[in-house]
>>> print(open('my_file.txt').read())   # compact mmCIF, C-alpha atoms
# COMPACT_ATOMS: atom_id res chain seq x y z
CA MET A 1 23.70 -3.61 -6.68
CA ILE A 2 21.12 -0.88 -7.26
CA TYR A 3 17.72 -1.88 -5.90
CA LEU A 4 14.81 0.12 -7.31
CA ASP A 5 11.85 -2.17 -6.60
CA ASN A 6 10.94 -0.68 -3.24
CA ALA A 7 7.21 -0.59 -3.98
CA ALA A 8 7.40 -4.40 -3.96
CA THR A 9 9.45 -4.67 -0.79
CA THR A 10 12.25 -2.89 1.04
CA ARG A 11 15.42 -3.98 2.76
CA VAL A 12 14.86 -4.25 6.51
CA SER A 13 16.59 -1.41 8.34
CA ASP A 14 19.21 -2.07 11.01
CA ALA A 15 16.99 -0.54 13.69
CA ALA A 16 13.97 -2.65 12.69
CA ALA A 17 16.09 -5.81 12.50
CA ASP A 18 17.54 -5.09 15.95
CA ALA A 19 14.04 -4.61 17.38
CA ALA A 20 12.86 -7.90 15.88
CA TYR A 21 15.95 -9.75 17.10
CA GLN A 22 15.46 -8.51 20.65
CA MET A 23 11.85 -9.75 20.62
CA MET A 24 12.91 -13.13 19.25
CA ARG A 25 15.86 -13.74 21.58
CA GLU A 26 15.31 -11.67 24.72
CA THR A 27 11.77 -10.39 25.24
CA PHE A 28 10.29 -13.49 23.62
CA GLY A 29 7.32 -14.13 25.90
CA ASN A 30 3.72 -14.54 24.77
CA ALA A 31 1.91 -11.25 25.35
CA SER A 32 -1.07 -13.18 26.73
CA SER A 33 1.03 -14.79 29.47
CA LEU A 34 0.73 -13.30 32.96
CA HIS A 35 4.36 -13.74 33.98
CA ARG A 36 7.05 -11.10 33.62
CA LEU A 37 8.20 -12.09 30.11
CA GLY A 38 4.60 -11.94 28.91
CA LEU A 39 4.09 -8.52 30.44
CA PHE A 40 7.31 -7.28 28.81
CA ALA A 41 6.02 -8.50 25.43
CA GLU A 42 2.65 -6.82 25.99
CA GLU A 43 4.38 -3.57 26.88
CA ALA A 44 6.51 -3.77 23.72
CA ILE A 45 3.40 -4.29 21.59
CA ASN A 46 1.71 -1.30 23.21
CA THR A 47 4.77 0.81 22.45
CA ALA A 48 4.64 -0.24 18.79
CA ARG A 49 0.91 0.43 18.69
CA ALA A 50 1.55 3.97 19.92
CA GLN A 51 4.29 4.48 17.32
CA VAL A 52 2.05 3.40 14.43
CA ALA A 53 -0.92 5.36 15.79
CA LYS A 54 1.18 8.52 16.04
CA ARG A 55 2.22 8.23 12.40
CA LEU A 56 -1.44 7.95 11.38
CA GLY A 57 -2.80 10.60 13.73
CA ALA A 58 -4.87 7.88 15.41
CA GLU A 59 -5.41 6.60 18.93
CA LYS A 60 -3.64 3.46 20.15
CA SER A 61 -6.94 1.65 20.62
CA GLU A 62 -7.74 2.16 16.93
CA ILE A 63 -4.77 0.07 15.68
CA THR A 64 -5.13 -3.66 15.01
CA PHE A 65 -1.98 -5.51 14.01
CA THR A 66 -2.23 -7.90 11.06
CA SER A 67 0.07 -10.05 8.94
CA GLY A 68 0.34 -7.34 6.27
CA GLY A 69 -1.52 -5.28 3.70
CA SER A 70 -3.45 -8.15 2.14
CA GLU A 71 -4.89 -9.33 5.43
CA GLY A 72 -5.66 -5.76 6.45
CA ASN A 73 -7.56 -5.12 3.23
CA ASN A 74 -9.44 -8.40 3.51
CA LEU A 75 -10.36 -7.74 7.13
CA ALA A 76 -11.59 -4.24 6.31
CA ILE A 77 -13.62 -5.24 3.26
CA PHE A 78 -15.13 -8.53 4.41
CA GLY A 79 -15.55 -7.22 7.94
CA ALA A 80 -17.43 -4.12 6.77
CA ALA A 81 -19.56 -6.02 4.27
CA ARG A 82 -20.60 -8.66 6.78
CA ALA A 83 -21.37 -6.11 9.49
CA ARG A 84 -23.44 -3.91 7.17
CA ARG A 85 -25.11 -6.38 4.81
CA ARG A 86 -28.55 -5.81 6.36
CA LYS A 87 -28.26 -2.12 5.47
CA GLY A 88 -27.31 -2.71 1.84
CA LYS A 89 -25.20 -4.69 -0.60
CA HIS A 90 -23.72 -1.96 -2.79
CA ILE A 91 -19.99 -1.23 -2.69
CA ILE A 92 -17.84 1.26 -4.59
CA THR A 93 -14.17 0.77 -5.42
CA THR A 94 -11.84 1.61 -8.32
CA ALA A 95 -10.48 -0.32 -11.28
CA ILE A 96 -6.89 0.38 -10.18
CA GLU A 97 -6.89 -1.18 -6.72
CA HIS A 98 -4.39 -3.75 -5.51
CA ALA A 99 -5.36 -7.39 -5.99
CA SER A 100 -5.98 -7.70 -2.24
CA VAL A 101 -8.92 -5.33 -2.72
CA LEU A 102 -10.13 -6.47 -6.14
CA GLU A 103 -10.25 -10.17 -5.26
CA PRO A 104 -12.34 -9.71 -2.10
CA MET A 105 -14.70 -7.59 -4.17
CA ARG A 106 -15.12 -10.45 -6.63
CA ARG A 107 -15.84 -12.83 -3.78
CA LEU A 108 -18.47 -10.46 -2.38
CA GLU A 109 -20.13 -10.32 -5.80
CA GLU A 110 -20.42 -14.10 -5.66
CA ASP A 111 -22.16 -13.63 -2.31
CA GLY A 112 -24.76 -11.26 -3.76
CA PHE A 113 -23.13 -7.84 -3.37
CA GLU A 114 -23.05 -5.35 -6.23
CA VAL A 115 -19.69 -3.66 -6.81
CA ALA A 116 -19.14 -0.48 -8.84
CA ARG A 117 -15.57 -0.06 -10.14
CA LEU A 118 -14.59 3.49 -11.10
CA ASN A 119 -12.16 4.14 -13.95
CA PRO A 120 -9.31 6.66 -13.58
CA ASP A 121 -8.15 9.40 -15.94
CA GLU A 122 -4.92 9.17 -17.95
CA ASN A 123 -2.86 9.95 -14.82
CA GLY A 124 -4.53 7.34 -12.66
CA MET A 125 -6.75 9.79 -10.77
CA ILE A 126 -10.20 9.24 -9.26
CA THR A 127 -12.24 12.22 -8.08
CA ALA A 128 -14.66 12.67 -5.22
CA GLU A 129 -17.31 13.61 -7.78
CA GLN A 130 -16.97 10.18 -9.43
CA VAL A 131 -17.49 8.45 -6.11
CA ILE A 132 -20.50 10.56 -5.12
CA SER A 133 -22.11 10.04 -8.52
CA ALA A 134 -21.83 6.28 -8.05
CA MET A 135 -23.32 6.26 -4.53
CA ARG A 136 -26.77 4.85 -3.81
CA GLU A 137 -28.94 4.69 -0.72
CA ASP A 138 -27.76 1.13 -0.14
CA THR A 139 -24.01 1.85 -0.52
CA VAL A 140 -22.42 0.39 2.60
CA LEU A 141 -18.72 0.65 1.75
CA VAL A 142 -16.38 2.76 -0.37
CA SER A 143 -12.82 1.43 -0.78
CA VAL A 144 -10.37 3.70 -2.61
CA MET A 145 -6.59 3.42 -2.35
CA THR A 146 -4.46 6.37 -1.26
CA VAL A 147 -1.48 5.81 -3.58
CA ASN A 148 -1.55 3.53 -6.59
CA ASN A 149 1.17 0.92 -6.30
CA GLU A 150 1.98 0.78 -10.03
CA VAL A 151 2.02 4.39 -11.23
CA GLY A 152 2.11 6.43 -8.02
CA SER A 153 -1.07 8.46 -8.44
CA VAL A 154 -2.15 10.05 -5.15
CA LEU A 155 -5.92 9.91 -4.87
CA PRO A 156 -7.80 12.60 -2.89
CA ILE A 157 -8.95 10.22 -0.18
CA GLY A 158 -9.69 13.02 2.28
CA GLU A 159 -11.99 14.76 -0.18
CA ILE A 160 -13.61 11.44 -1.07
CA ALA A 161 -14.24 10.36 2.53
CA LYS A 162 -15.68 13.72 3.58
CA ALA A 163 -17.95 13.83 0.54
CA VAL A 164 -19.16 10.28 1.15
CA HIS A 165 -19.94 10.98 4.80
CA ARG A 166 -21.77 14.19 3.92
CA LYS A 167 -24.01 12.24 1.58
CA ASN A 168 -24.43 9.25 3.89
CA PRO A 169 -22.76 9.19 7.33
CA GLN A 170 -23.50 5.44 7.58
CA THR A 171 -21.35 4.50 4.57
CA LEU A 172 -17.94 3.26 5.64
CA VAL A 173 -14.83 4.51 3.85
CA HIS A 174 -11.74 2.31 3.62
CA THR A 175 -8.41 3.19 2.05
CA ASP A 176 -5.47 0.97 1.21
CA ALA A 177 -2.65 3.25 2.34
CA VAL A 178 0.14 0.69 2.00
CA GLN A 179 2.07 2.84 -0.51
CA ALA A 180 1.34 6.07 1.38
CA PHE A 181 2.28 5.11 4.93
CA CYS A 182 5.45 6.94 6.01
CA LYS A 183 5.91 8.31 2.48
CA LEU A 184 3.19 10.98 2.59
CA PRO A 185 1.55 12.78 5.52
CA VAL A 186 -1.36 10.63 6.68
CA SER A 187 -4.06 11.85 9.07
CA VAL A 188 -7.03 9.59 9.62
CA LYS A 189 -8.88 12.31 11.50
CA LYS A 190 -8.37 15.01 8.85
CA TRP A 191 -9.21 12.56 6.09
CA ASP A 192 -12.29 11.28 7.96
CA VAL A 193 -11.69 7.65 6.92
CA ASP A 194 -13.16 4.75 8.87
CA LEU A 195 -10.65 2.06 7.93
CA LEU A 196 -7.05 2.31 6.71
CA THR A 197 -4.51 -0.39 5.85
CA VAL A 198 -0.70 -0.27 6.20
CA SER A 199 2.09 -2.80 5.67
CA GLY A 200 5.52 -3.18 7.25
CA HIS A 201 7.71 -4.46 4.45
CA LYS A 202 7.15 -1.35 2.33
CA ILE A 203 8.84 0.83 4.98
CA HIS A 204 11.94 -1.24 5.91
CA ALA A 205 10.21 -3.49 8.44
CA PRO A 206 10.04 -7.27 7.90
CA LYS A 207 7.51 -9.05 5.74
CA GLY A 208 4.54 -10.55 7.54
CA VAL A 209 3.36 -7.60 9.62
CA GLY A 210 0.96 -4.72 9.04
CA ALA A 211 -1.86 -2.84 10.72
CA LEU A 212 -5.46 -1.85 10.18
CA PHE A 213 -6.82 1.42 11.57
CA ILE A 214 -10.44 1.00 12.69
CA ARG A 215 -12.03 4.27 13.74
CA LYS A 216 -13.43 4.25 17.26
CA GLY A 217 -17.11 3.37 17.15
CA VAL A 218 -16.90 1.52 13.82
CA ARG A 219 -17.96 -2.10 14.05
CA ILE A 220 -16.72 -4.67 11.56
CA ALA A 221 -16.88 -8.45 11.76
CA PRO A 222 -13.60 -10.29 12.47
CA TYR A 223 -12.90 -13.44 10.50
CA ILE A 224 -9.91 -14.88 12.40
CA LEU A 225 -11.45 -16.17 15.62
CA GLY A 226 -9.78 -17.71 18.62
CA GLY A 227 -8.24 -16.29 21.75
CA GLY A 228 -9.53 -12.77 21.23
CA GLN A 229 -6.20 -11.00 20.77
CA GLU A 230 -6.11 -7.51 19.24
CA ASN A 231 -9.32 -6.53 20.98
CA GLY A 232 -11.08 -9.49 19.39
CA MET A 233 -10.44 -8.25 15.86
CA ARG A 234 -7.54 -10.58 14.99
CA SER A 235 -7.12 -13.65 17.15
CA GLY A 236 -3.80 -15.48 17.34
CA THR A 237 -0.60 -14.98 19.28
CA GLU A 238 0.82 -11.59 18.29
CA ALA A 239 3.91 -11.64 16.07
CA THR A 240 5.88 -9.46 18.47
CA PRO A 241 9.17 -9.38 16.48
CA GLY A 242 7.46 -7.98 13.38
CA ILE A 243 5.15 -5.70 15.34
CA CYS A 244 8.00 -4.06 17.23
CA ALA A 245 10.04 -3.75 14.04
CA LEU A 246 7.06 -2.05 12.36
CA GLY A 247 6.81 0.42 15.23
CA VAL A 248 10.49 1.33 14.97
CA ALA A 249 10.41 1.55 11.16
CA SER A 250 7.37 3.85 11.23
CA GLU A 251 9.49 6.49 12.97
CA GLN A 252 12.39 6.44 10.54
CA MET A 253 11.18 7.03 6.98
CA GLU A 254 12.56 9.95 4.98
CA ASP A 255 11.19 11.95 2.05
CA THR A 256 12.21 10.74 -1.42
CA SER A 257 10.47 13.42 -3.50
CA ALA A 258 13.71 15.21 -4.43
CA CYS A 259 15.24 11.96 -5.62
CA LYS A 260 12.14 11.18 -7.68
CA ALA A 261 12.22 14.64 -9.28
CA TYR A 262 15.85 14.07 -10.22
CA LEU A 263 15.00 10.66 -11.69
CA CYS A 264 12.16 12.07 -13.80
CA GLU A 265 14.39 14.87 -15.06
CA LYS A 266 17.10 12.41 -16.09
CA LEU A 267 14.66 9.98 -17.72
CA SER A 268 13.01 12.77 -19.72
CA GLU A 269 16.37 13.48 -21.37
CA ILE A 270 16.65 9.94 -22.82
CA PRO A 271 15.06 9.47 -26.27
CA GLY A 272 12.69 6.52 -26.42
CA VAL A 273 11.82 6.59 -22.73
CA LYS A 274 8.28 7.70 -21.89
CA ILE A 275 7.01 8.47 -18.38
CA LEU A 276 3.51 7.00 -18.41
CA ALA A 277 1.80 9.24 -15.87
CA LYS A 278 2.37 12.49 -14.01
CA THR A 279 1.89 11.44 -10.41
CA ASP A 280 2.61 12.85 -6.97
CA ALA A 281 3.79 9.83 -4.97
CA PRO A 282 7.39 10.55 -3.95
CA HIS A 283 8.74 7.08 -4.73
CA ILE A 284 7.08 5.53 -7.82
CA VAL A 285 7.72 6.21 -11.52
CA SER A 286 6.16 4.15 -14.31
CA VAL A 287 8.01 4.33 -17.62
CA ALA A 288 8.05 2.56 -20.98
CA ILE A 289 11.21 1.92 -22.98
CA GLU A 290 9.94 1.86 -26.53
CA GLY A 291 10.77 -1.26 -28.49
CA TYR A 292 11.71 -3.35 -25.48
CA PRO A 293 9.18 -5.66 -23.77
CA SER A 294 9.13 -5.28 -20.00
CA GLU A 295 10.68 -8.65 -19.28
CA VAL A 296 13.52 -8.00 -21.72
CA ALA A 297 14.24 -4.60 -20.18
CA MET A 298 14.22 -6.09 -16.70
CA ARG A 299 16.69 -8.83 -17.69
CA LEU A 300 19.05 -6.38 -19.36
CA LEU A 301 19.00 -4.14 -16.31
CA GLU A 302 19.52 -7.10 -14.00
CA GLU A 303 22.67 -7.98 -15.94
CA GLU A 304 23.96 -4.63 -14.65
CA GLU A 305 22.75 -5.49 -11.12
CA ILE A 306 19.89 -3.00 -11.37
CA TYR A 307 16.58 -4.29 -10.03
CA VAL A 308 13.22 -2.86 -11.14
CA SER A 309 9.83 -4.46 -11.83
CA SER A 310 7.31 -4.67 -14.62
CA GLY A 311 4.49 -3.58 -12.32
CA SER A 312 2.91 -4.94 -9.16
CA ALA A 313 4.71 -7.96 -7.75
CA CYS A 314 1.28 -9.43 -7.00
CA SER A 315 0.27 -9.40 -10.71
CA ARG A 316 3.28 -11.33 -11.93
CA GLY A 317 2.83 -12.54 -15.49
CA HIS A 318 -0.32 -10.52 -16.14
CA ARG A 319 -0.76 -7.32 -18.12
CA SER A 320 -1.22 -4.28 -15.88
CA HIS A 321 -4.90 -3.73 -15.13
CA VAL A 322 -3.96 -0.26 -13.86
CA LEU A 323 -2.40 0.91 -17.14
CA GLU A 324 -5.28 -0.64 -19.08
CA ALA A 325 -7.81 1.26 -16.96
CA MET A 326 -5.84 4.47 -17.60
CA GLY A 327 -6.17 3.95 -21.35
CA VAL A 328 -2.45 3.40 -22.00
CA SER A 329 -1.80 1.73 -25.37
CA SER A 330 -1.04 -2.00 -25.43
CA LYS A 331 2.36 -1.27 -26.97
CA LEU A 332 3.39 0.93 -24.06
CA ILE A 333 1.88 -1.38 -21.44
CA ASP A 334 3.97 -4.26 -22.78
CA SER A 335 7.10 -2.09 -22.44
CA ALA A 336 6.31 -0.65 -19.01
CA ILE A 337 8.62 -0.93 -16.04
CA ARG A 338 8.19 0.47 -12.54
CA ILE A 339 11.06 2.22 -10.79
CA SER A 340 10.44 2.70 -7.07
CA LEU A 341 12.71 4.46 -4.63
CA SER A 342 13.47 4.33 -0.92
CA SER A 343 15.21 6.62 1.52
CA GLU A 344 18.39 4.66 0.73
CA THR A 345 18.33 5.61 -2.99
CA THR A 346 20.96 8.17 -4.04
CA ASN A 347 21.35 10.52 -6.99
CA ASP A 348 24.53 8.68 -7.93
CA GLU A 349 22.48 5.51 -8.32
CA ILE A 350 19.97 7.40 -10.46
CA ASP A 351 22.82 8.62 -12.69
CA ARG A 352 24.07 5.06 -13.08
CA VAL A 353 20.62 3.70 -13.94
CA CYS A 354 19.94 6.36 -16.55
CA ASP A 355 23.38 5.86 -18.12
CA VAL A 356 22.69 2.13 -18.40
CA ILE A 357 19.26 2.69 -19.93
CA ALA A 358 20.67 5.10 -22.49
CA ALA A 359 23.55 2.74 -23.37
CA ARG A 360 21.95 -0.71 -23.22
CA PHE A 361 18.70 0.13 -24.98
CA GLY A 362 20.16 2.02 -27.91
CA VAL A 363 18.14 5.15 -27.28
CA ARG A 364 20.95 7.64 -26.72
>>> encode(input="my_file.txt", output="structure tokens")
Amino acid sequence: MIYLDNAATTRVSDAAADAAYQMMRETFGNASSLHRLGLFAEEAINTARAQVAKRLGAEKSEITFTSGGSEGNNLAIFGAARARRRKGKHIITTAIEHASVLEPMRRLEEDGFEVARLNPDENGMITAEQVISAMREDTVLVSVMTVNNEVGSVLPIGEIAKAVHRKNPQTLVHTDAVQAFCKLPVSVKKWDVDLLTVSGHKIHAPKGVGALFIRKGVRIAPYILGGGQENGMRSGTEATPGICALGVASEQMEDTSACKAYLCEKLSEIPGVKILAKTDAPHIVSVAIEGYPSEVAMRLLEEEEIYVSSGSACSRGHRSHVLEAMGVSSKLIDSAIRISLSSETTNDEIDRVCDVIAARFGVR
């Protein structure tokens, strides 16, 4: 099997699985309990919080654990909007965000907010100048992803956040960094972002765990209320197995940029295969195989035990809104597949995939 759908999810690493197992079978106490097992669980969570914070260049107190990227994005967006609605109801985002950003924006519009959606260039890029031009006095939130999950464009979130705060220090800046975390250098302090979302299952931790960075001093409104866990920002008994696995996984990721460069080189040698965007993410390549609809290409590759996707796993059955916003032709969009790598991907696997594409699709 050759698994190249790592932007959708990754195989859990041995170290992360071992950490989760220990928390499920040995240190299984409730972190809110005052007995020894509870204190052990609390200590394990604090260790994981420090591990995630270190990877982000944040402080431990700025990390709130969540159930994943979608919850983190929802908490950031709804929390910021509710906390700032008296100061304004204008929000800026992009047309290429993940559904867990776009759908909350639609809900906020139903509640009376006005949302500006910026369109990218042909390589999926958004500039700081675009964001600043769209700002108004009543702009309370800017939400721009760090790495696009379909094409791999790396947006200049540091430039954007600094420019936004120069124009209006009160405007909050959120970034969905799910596809950037542990794949690119991330520094919340250098970037000057207020809110940043990460997810575990994109970095070889289990599904169902993630984290939201909330800069010290920033106040957003929680929407899961109860026992006041996670400093009151996310009530509910902490999912210690996933949290500890996330902490371990955050220390283990490796660079895949050399493997991606090799993949792009090999793909460019195959007639009929078109790379749809020149992007800088080290693990995502969006390509179209001319004459073959995405679903057909995926099935043919799966027959060879090669697993890719036709785009975001969260937009199953729908044409890519990202490629449409980039101005890609309908013909190419309908033939697009996404190949996404992990630190486990090898050049030998890339050779095998490219040989299969050349042979099975009649483009050699």
>>> closest_residue(input="my_file.txt", among="A:Val151, A:Ile270, A:Ala180, A:Ala116", to="Arg338 (chain A)", atoms="all atoms listed in the file")
A:Val151
>>> residues_around(input="my_file.txt", residues="Val285 (chain A)", least_positions_apart="3", cutoff="12 Å", atoms="all atoms listed in the file", output="PyMOL selection string")
chain A and resi 4-7+123+148-153+256-257+259-265+267-268+273-282+288+308-311+336-341
>>> residues_around(input="my_file.txt", residues="Ser342 (chain A)", least_positions_apart="6", cutoff="12 Å", atoms="only C-alpha atoms", output="NGL selection string")
:A and (2-13 or 179 or 182-183 or 201-204 or 252-260 or 281-284 or 349-350)
>>> write_last_selection(input="my_file.txt", atoms="C-alpha atoms", output="short mmCIF file (atom, residue, chain, number, x, y, z; two decimals), in the frame of the given file")
data_model
loop_
_atom_site.label_atom_id
_atom_site.label_comp_id
_atom_site.auth_asym_id
_atom_site.auth_seq_id
_atom_site.Cartn_x
_atom_site.Cartn_y
_atom_site.Cartn_z
CA ILE A 2 21.12 -0.88 -7.26
CA TYR A 3 17.72 -1.88 -5.90
CA LEU A 4 14.81 0.12 -7.31
CA ASP A 5 11.85 -2.17 -6.60
CA ASN A 6 10.94 -0.68 -3.24
CA ALA A 7 7.21 -0.59 -3.98
CA ALA A 8 7.40 -4.40 -3.96
CA THR A 9 9.45 -4.67 -0.79
CA THR A 10 12.25 -2.89 1.04
CA ARG A 11 15.42 -3.98 2.76
CA VAL A 12 14.86 -4.25 6.51
CA SER A 13 16.59 -1.41 8.34
CA GLN A 179 2.07 2.84 -0.51
CA CYS A 182 5.45 6.94 6.01
CA LYS A 183 5.91 8.31 2.48
CA HIS A 201 7.71 -4.46 4.45
CA LYS A 202 7.15 -1.35 2.33
CA ILE A 203 8.84 0.83 4.98
CA HIS A 204 11.94 -1.24 5.91
CA GLN A 252 12.39 6.44 10.54
CA MET A 253 11.18 7.03 6.98
CA GLU A 254 12.56 9.95 4.98
CA ASP A 255 11.19 11.95 2.05
CA THR A 256 12.21 10.74 -1.42
CA SER A 257 10.47 13.42 -3.50
CA ALA A 258 13.71 15.21 -4.43
CA CYS A 259 15.24 11.96 -5.62
CA LYS A 260 12.14 11.18 -7.68
CA ALA A 281 3.79 9.83 -4.97
CA PRO A 282 7.39 10.55 -3.95
CA HIS A 283 8.74 7.08 -4.73
CA ILE A 284 7.08 5.53 -7.82
CA GLU A 349 22.48 5.51 -8.32
CA ILE A 350 19.97 7.40 -10.46
#
>>> atom_distance(input="my_file.txt", atom1="CA of Asp192 (chain A)", atom2="CA of Asn168 (chain A)")
13.0 Å
>>> closest_residue(input="my_file.txt", among="A:Gln22, A:Thr175, A:Ser294, A:Thr240", to="Ile214 (chain A)", atoms="all atoms listed in the file")
A:Thr175
>>> atom_distance(input="my_file.txt", atom1="CA of Val356 (chain A)", atom2="CA of Asp334 (chain A)")
20.3 Å
>>> residues_around(input="my_file.txt", residues="region 84-92 of chain A", least_positions_apart="3", cutoff="6 Å", atoms="all atoms listed in the file", output="list in words")
Ala81, Phe113, Glu114, Val115, Ala116, Asp138, Thr139, Val140, Leu141 and Val142 of chain A
>>> atom_distance(input="my_file.txt", atom1="CA of Tyr307 (chain A)", atom2="CA of Ala211 (chain A)")
27.8 Å
>>> residues_around(input="my_file.txt", residues="region 68-77 of chain A", least_positions_apart="3", cutoff="8 Å", atoms="all atoms listed in the file", output="number ranges by chain")
A: 80-81, 100-101, 104-105, 141, 143, 174, 176, 178, 195-200, 207-212, 220, 222-223
